[in-house]
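The next block holds one structure in the form of structure tokens; read it before the comments.
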Amino acid sequence: MDQLFVVLKSSVVQLAGRWLPEGALPFVSMGLTIAAIAAAAPVIMMYLTWLERKIIARMQNRLGPNRVGLYGLAQPLADGLKMLIKEDIVPEGADRLVHSLAPVVAVVPALLVFAVLPFGRNMIAADLNVGLLYFLAVSSISSYAIFMGGWASRNKFSLLGAMRGVAQIISYEVPSVLSVVVVIMVAGTLSMGGIVEAQASRWFVFTPWGFVAALIFFLSGVAEVNRTPFDMPEAESEIVAGFHTEYSGMKFALWYMAEFLEAFAISAFTVTLFLGGWQGPAIPLWWVLFGSVCLVATARTIPSVLRVLGVVACVGSGVVAYLANEAVPSWAWFLAKTYGLVFVLVWFRGTLPRLRVDQLMGLAWKFFLPLTLINIASAALWVAMPGPSGGVLAGALLILSGWWLIRLNNPAPLQPRTYLFVE
Amino acid sequence: MTEPLLDTQLLEVNLGPQHPSTHGVFRMQALLDGETIVKLKPVMGYLHRNHEQLGEGMTYIASFPFTDRLDYFCAMTNNLGLALAIEQLAGGIEVPERAQYIRVIMSELTRLVNHTAVIGFLLNDMGAFGTPLLYAFREREKILDLFEMASGSRMMCNYIRPGGVREDVPEGFLERASRIVAEYPRFLDEFEALLTQNEIIRQRAQHVGVLSKELAINASITGPMLRASGVDYDIRKVDGYGIYPRFAFRIPLGTVGDVYDRYYVRILEMRESVAILQQALKEIPPGPSISPKGLQLVKSPRTFRPPKGAEAYGRIESPKGELGFFLASDGSPQPYRYHVRAPSFINLTVLEDLCLGHKVADVIIILGSIDIVMGEVDR
């Protein structure tokens, strides 16, 4: 099971080898990987929208999409179709070329980062030896896209949104990159596969410096992909839709796709860099499958026919997994962790209001940036002094400096208000 | 001061009339320096529908359904304001005890509806993706169901009449209302747990849009907005109209007068409204729901001809502030002059003073905290 996709791919390549010359096979292999990523990305994006709408609806005492297909599962398809046949409007006086180019510039890097993402053991499209650097470089192209879109729309709201977006992405790029430095220091490699291997004994998030870096990396990532509470560039209540105000139809869908893919990528990279990537405790697969029998059997909202089918499928595959002595596959661990973080993103969106522009910048420059620098020192301590004393020192340094930074940035902490009552 | 190296320009942005957060068709012409507001001009009138002129062309009673559409969140209190003015114009129509209690119950339920919804909208303006708003609407729905029970309509109630109310409340209304009122503090606790101590909300709302006591008084601001600035003025206490003096309730006052105080004063006011409702629902006596004189006036509106030159001004503490109805008679069945003192409109006049020097994002929440309904602003 673990190597299911790898085996599948190599068998297809072997099959192709019967007809194709030897030299063409690497290209077939590459093409297969690219095709898989290019096909998976829109599906990931479509069902992220569905997932987000469902989860937020739950948080808000609503049902969410439930008209199109079972549980509204076909809703993303319907939405995609709608986007496809909608009129494509370019505002008068807009820069047509740049206006049309911007969403493409946004989507392409969002797809490109998946190349260095280890989805599972041996499941990485290109294990570059500079994978991390590649990710950081490619993902920051989105600021160009946002500014292009906002500038070319010839709309003041778009322009405001674009300026906010660029300022925000550039600001958060700094703590984001600096928080990753500690990973490189300890893992000693820039290759994503190597970083995951380095976490075999301990996930980085379970060290003091790793915890702080994971927090800062994830939150900076949230800011870079413009999601609540950092969704200033498209703050709906303030500047309508920000940089994509003037987009409609498929171009709008592309913006949306870029945004959701980036959100997924941020979760996936946080998992890879700090949460052990595709590694997980070796739990036998049949435990999970038999556990899901209980879940499926008791889910009252599922029609009974499907419930019976689901139970049969779970029991059947559970028995097979038991006989084959399979563990939970690595890609399942990876996806479970990633979707856990995606849930956190959605949870933020359902709970938190938005920060203000200046507060957002303050958070990046006055709090995250100094903390990441101290974090690097803390990781250096950890590396230089192996053993418990180094850990205690590193942790104490971080806690003290964090406390100090909070004091420094909040000279007058917000006091509880007093309210008078008169008869 | 040195010459700036770069030429910068001020950006003029039209927020509205089509904008997600202007609470209707309201336009703010804002001059921005980057994100900071340099100048802001409110433009009203997109929803003008001639309410006052229409009222002058029909009998006094016929205006009631139109008052529902002034502040469409608070139909009940709008009705009450006009009813008070007509009662005064008629030289005092007595109101039966039961009707008095029903009026208080309806007014305070309206206050709950309005304040709950306003806080929900304010949070939406602050960027919370609908969650507080939908929590608020869940509670609002329950009270709107009560209104539907009593008046047949959820929002356009058209229920209170001079001399009483249109009909008595149906069977089961009081029990249901008691149940909802008893559950309300729990909802408020839940709401506050989500919002009041939230770090982001405090960062966003505290010391933003501060309205000083002096400016508030000079600009004749009323309602929760005035009380958030620390001025003790509530018409329920000052005028003691209806049977309000019988109830024990307190007036919460803010200290700073910023958006946060306006938010929290509303929460506290809701808690006081719950106290009033509990007393009223316990003490409500049986009896007729409209006095004979009132009934006669409603049944044959054209016979109501106040003497020439008679004037009346009925005012109430509506959820948004002082809602006043001015009526002047020329001896005919129609009013000679019919004027509405709309709290939304007058509270909106200080918008520029509150916004100057703040960011675009703050303008939106300041506007949200003023609590306007365009139906009332433009009439």
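By convention in this document, the chains of the structure tokens carry letters A, B, ... by their order, each chain's residues are numbered from 1, and ligands are numbered from 1 in the order they are shown.
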
Up to 7 Å from chain A, what residues of chain B turn up? Count only C-alpha atoms and give them as a VMD selection string.
chain B and resid 13 19 to 21 123 125 to 129 131 134 to 135 200 to 201 204 249 to 255 360 to 361 364

Would you mind exporting the chosen residues as a short mmCIF file (atom, residue, chain, number, x, y, z; two decimals), in the first residue's frame, restricted to C-alpha atoms?
```cif
data_model
loop_
_atom_site.label_atom_id
_atom_site.label_comp_id
_atom_site.auth_asym_id
_atom_site.auth_seq_id
_atom_site.Cartn_x
_atom_site.Cartn_y
_atom_site.Cartn_z
CA VAL B 13 -12.19 56.62 -3.31
CA HIS B 19 -20.38 48.55 -1.40
CA PRO B 20 -20.58 45.48 0.81
CA SER B 21 -20.31 47.36 4.09
CA LEU B 123 -18.20 41.94 13.47
CA ASP B 125 -17.45 44.68 9.05
CA MET B 126 -14.46 43.81 11.18
CA GLY B 127 -13.84 40.85 8.89
CA ALA B 128 -15.19 37.92 10.85
CA PHE B 129 -16.55 35.66 8.16
CA THR B 131 -19.97 33.52 12.28
CA LEU B 134 -25.20 34.10 11.98
CA TYR B 135 -25.19 33.45 15.72
CA ILE B 200 -8.05 41.15 17.68
CA ILE B 201 -11.37 42.82 18.43
CA ARG B 204 -9.26 46.85 16.30
CA PHE B 249 -33.42 48.83 35.19
CA ARG B 250 -30.07 50.54 34.92
CA ILE B 251 -28.46 52.57 32.17
CA PRO B 252 -24.95 51.40 31.24
CA LEU B 253 -22.48 54.15 30.41
CA GLY B 254 -19.18 53.86 28.59
CA THR B 255 -16.05 55.75 29.56
CA VAL B 360 -9.96 52.69 5.68
CA ALA B 361 -10.64 49.59 7.72
CA ILE B 364 -16.04 50.64 8.08
#
```

Would you mind listing what lies within 8 Å of Ser369 (chain B) as a ChimeraX atom specification, with only C-alpha atoms counted and same-chain residues fewer than 4 positions away left out?
/B:118-119,122,259,262-263,365

Run DSSP on the backbone and give me the residues of region 307-363 of chain B it puts in strand (DSSP E), as a ChimeraX atom specification.
/B:311-318,321-329,335-341

Residues of region 156-339 of chain B in helix (DSSP H, G or I), written as a PyMOL selection string
chain B and resi 173-195+199-205+213-218+224-228+235-238+244-246+259-283+292-299+301-303

Between B:Asp33, B:Glu272, B:Asp168, B:Glu141, single out the one closest to Arg103 (chain B), counting only C-alpha atoms.
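Closest residue, counting only C-alpha atoms: B:Asp168.
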
When you look at Leu285 (chain A) with a cut-off of 7 Å (counting only C-alpha atoms), what residues show up, excluding the ones that are within fewer than 5 positions of it in the same chain? I need them as a list in words.
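Close residues of Leu285 (chain A): Ala321, Glu326, Ala327 and Val328 of chain A.
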
Would you save the residues of that selection, restricted to all heavy atoms, as a PDB file, in the first residue's frame?
```pdb
ATOM      1  N   ALA A 321      -5.935  -5.966   4.677  1.00  0.00           N
ATOM      2  CA  ALA A 321      -4.807  -5.253   5.265  1.00  0.00           C
ATOM      3  C   ALA A 321      -4.205  -6.050   6.407  1.00  0.00           C
ATOM      4  O   ALA A 321      -2.982  -6.076   6.594  1.00  0.00           O
ATOM      5  CB  ALA A 321      -5.260  -3.881   5.756  1.00  0.00           C
ATOM      6  N   GLU A 326      -0.260  -4.749   6.582  1.00  0.00           N
ATOM      7  CA  GLU A 326       0.067  -3.401   6.097  1.00  0.00           C
ATOM      8  C   GLU A 326       0.009  -2.388   7.236  1.00  0.00           C
ATOM      9  O   GLU A 326      -0.827  -2.498   8.135  1.00  0.00           O
ATOM     10  CB  GLU A 326      -0.947  -2.979   5.023  1.00  0.00           C
ATOM     11  CG  GLU A 326      -0.712  -3.590   3.665  1.00  0.00           C
ATOM     12  CD  GLU A 326       0.420  -2.935   2.923  1.00  0.00           C
ATOM     13  OE1 GLU A 326       0.923  -1.906   3.404  1.00  0.00           O
ATOM     14  OE2 GLU A 326       0.819  -3.462   1.869  1.00  0.00           O
ATOM     15  N   ALA A 327       0.903  -1.403   7.171  1.00  0.00           N
ATOM     16  CA  ALA A 327       0.797  -0.269   8.090  1.00  0.00           C
ATOM     17  C   ALA A 327       0.081   0.870   7.366  1.00  0.00           C
ATOM     18  O   ALA A 327      -0.123   0.810   6.154  1.00  0.00           O
ATOM     19  CB  ALA A 327       2.178   0.171   8.538  1.00  0.00           C
ATOM     20  N   VAL A 328      -0.282   1.896   8.099  1.00  0.00           N
ATOM     21  CA  VAL A 328      -0.912   3.052   7.458  1.00  0.00           C
ATOM     22  C   VAL A 328       0.102   3.651   6.501  1.00  0.00           C
ATOM     23  O   VAL A 328       1.219   3.967   6.897  1.00  0.00           O
ATOM     24  CB  VAL A 328      -1.333   4.093   8.512  1.00  0.00           C
ATOM     25  CG1 VAL A 328      -1.863   5.335   7.842  1.00  0.00           C
ATOM     26  CG2 VAL A 328      -2.369   3.510   9.444  1.00  0.00           C
TER      27      VAL A 328
END
```
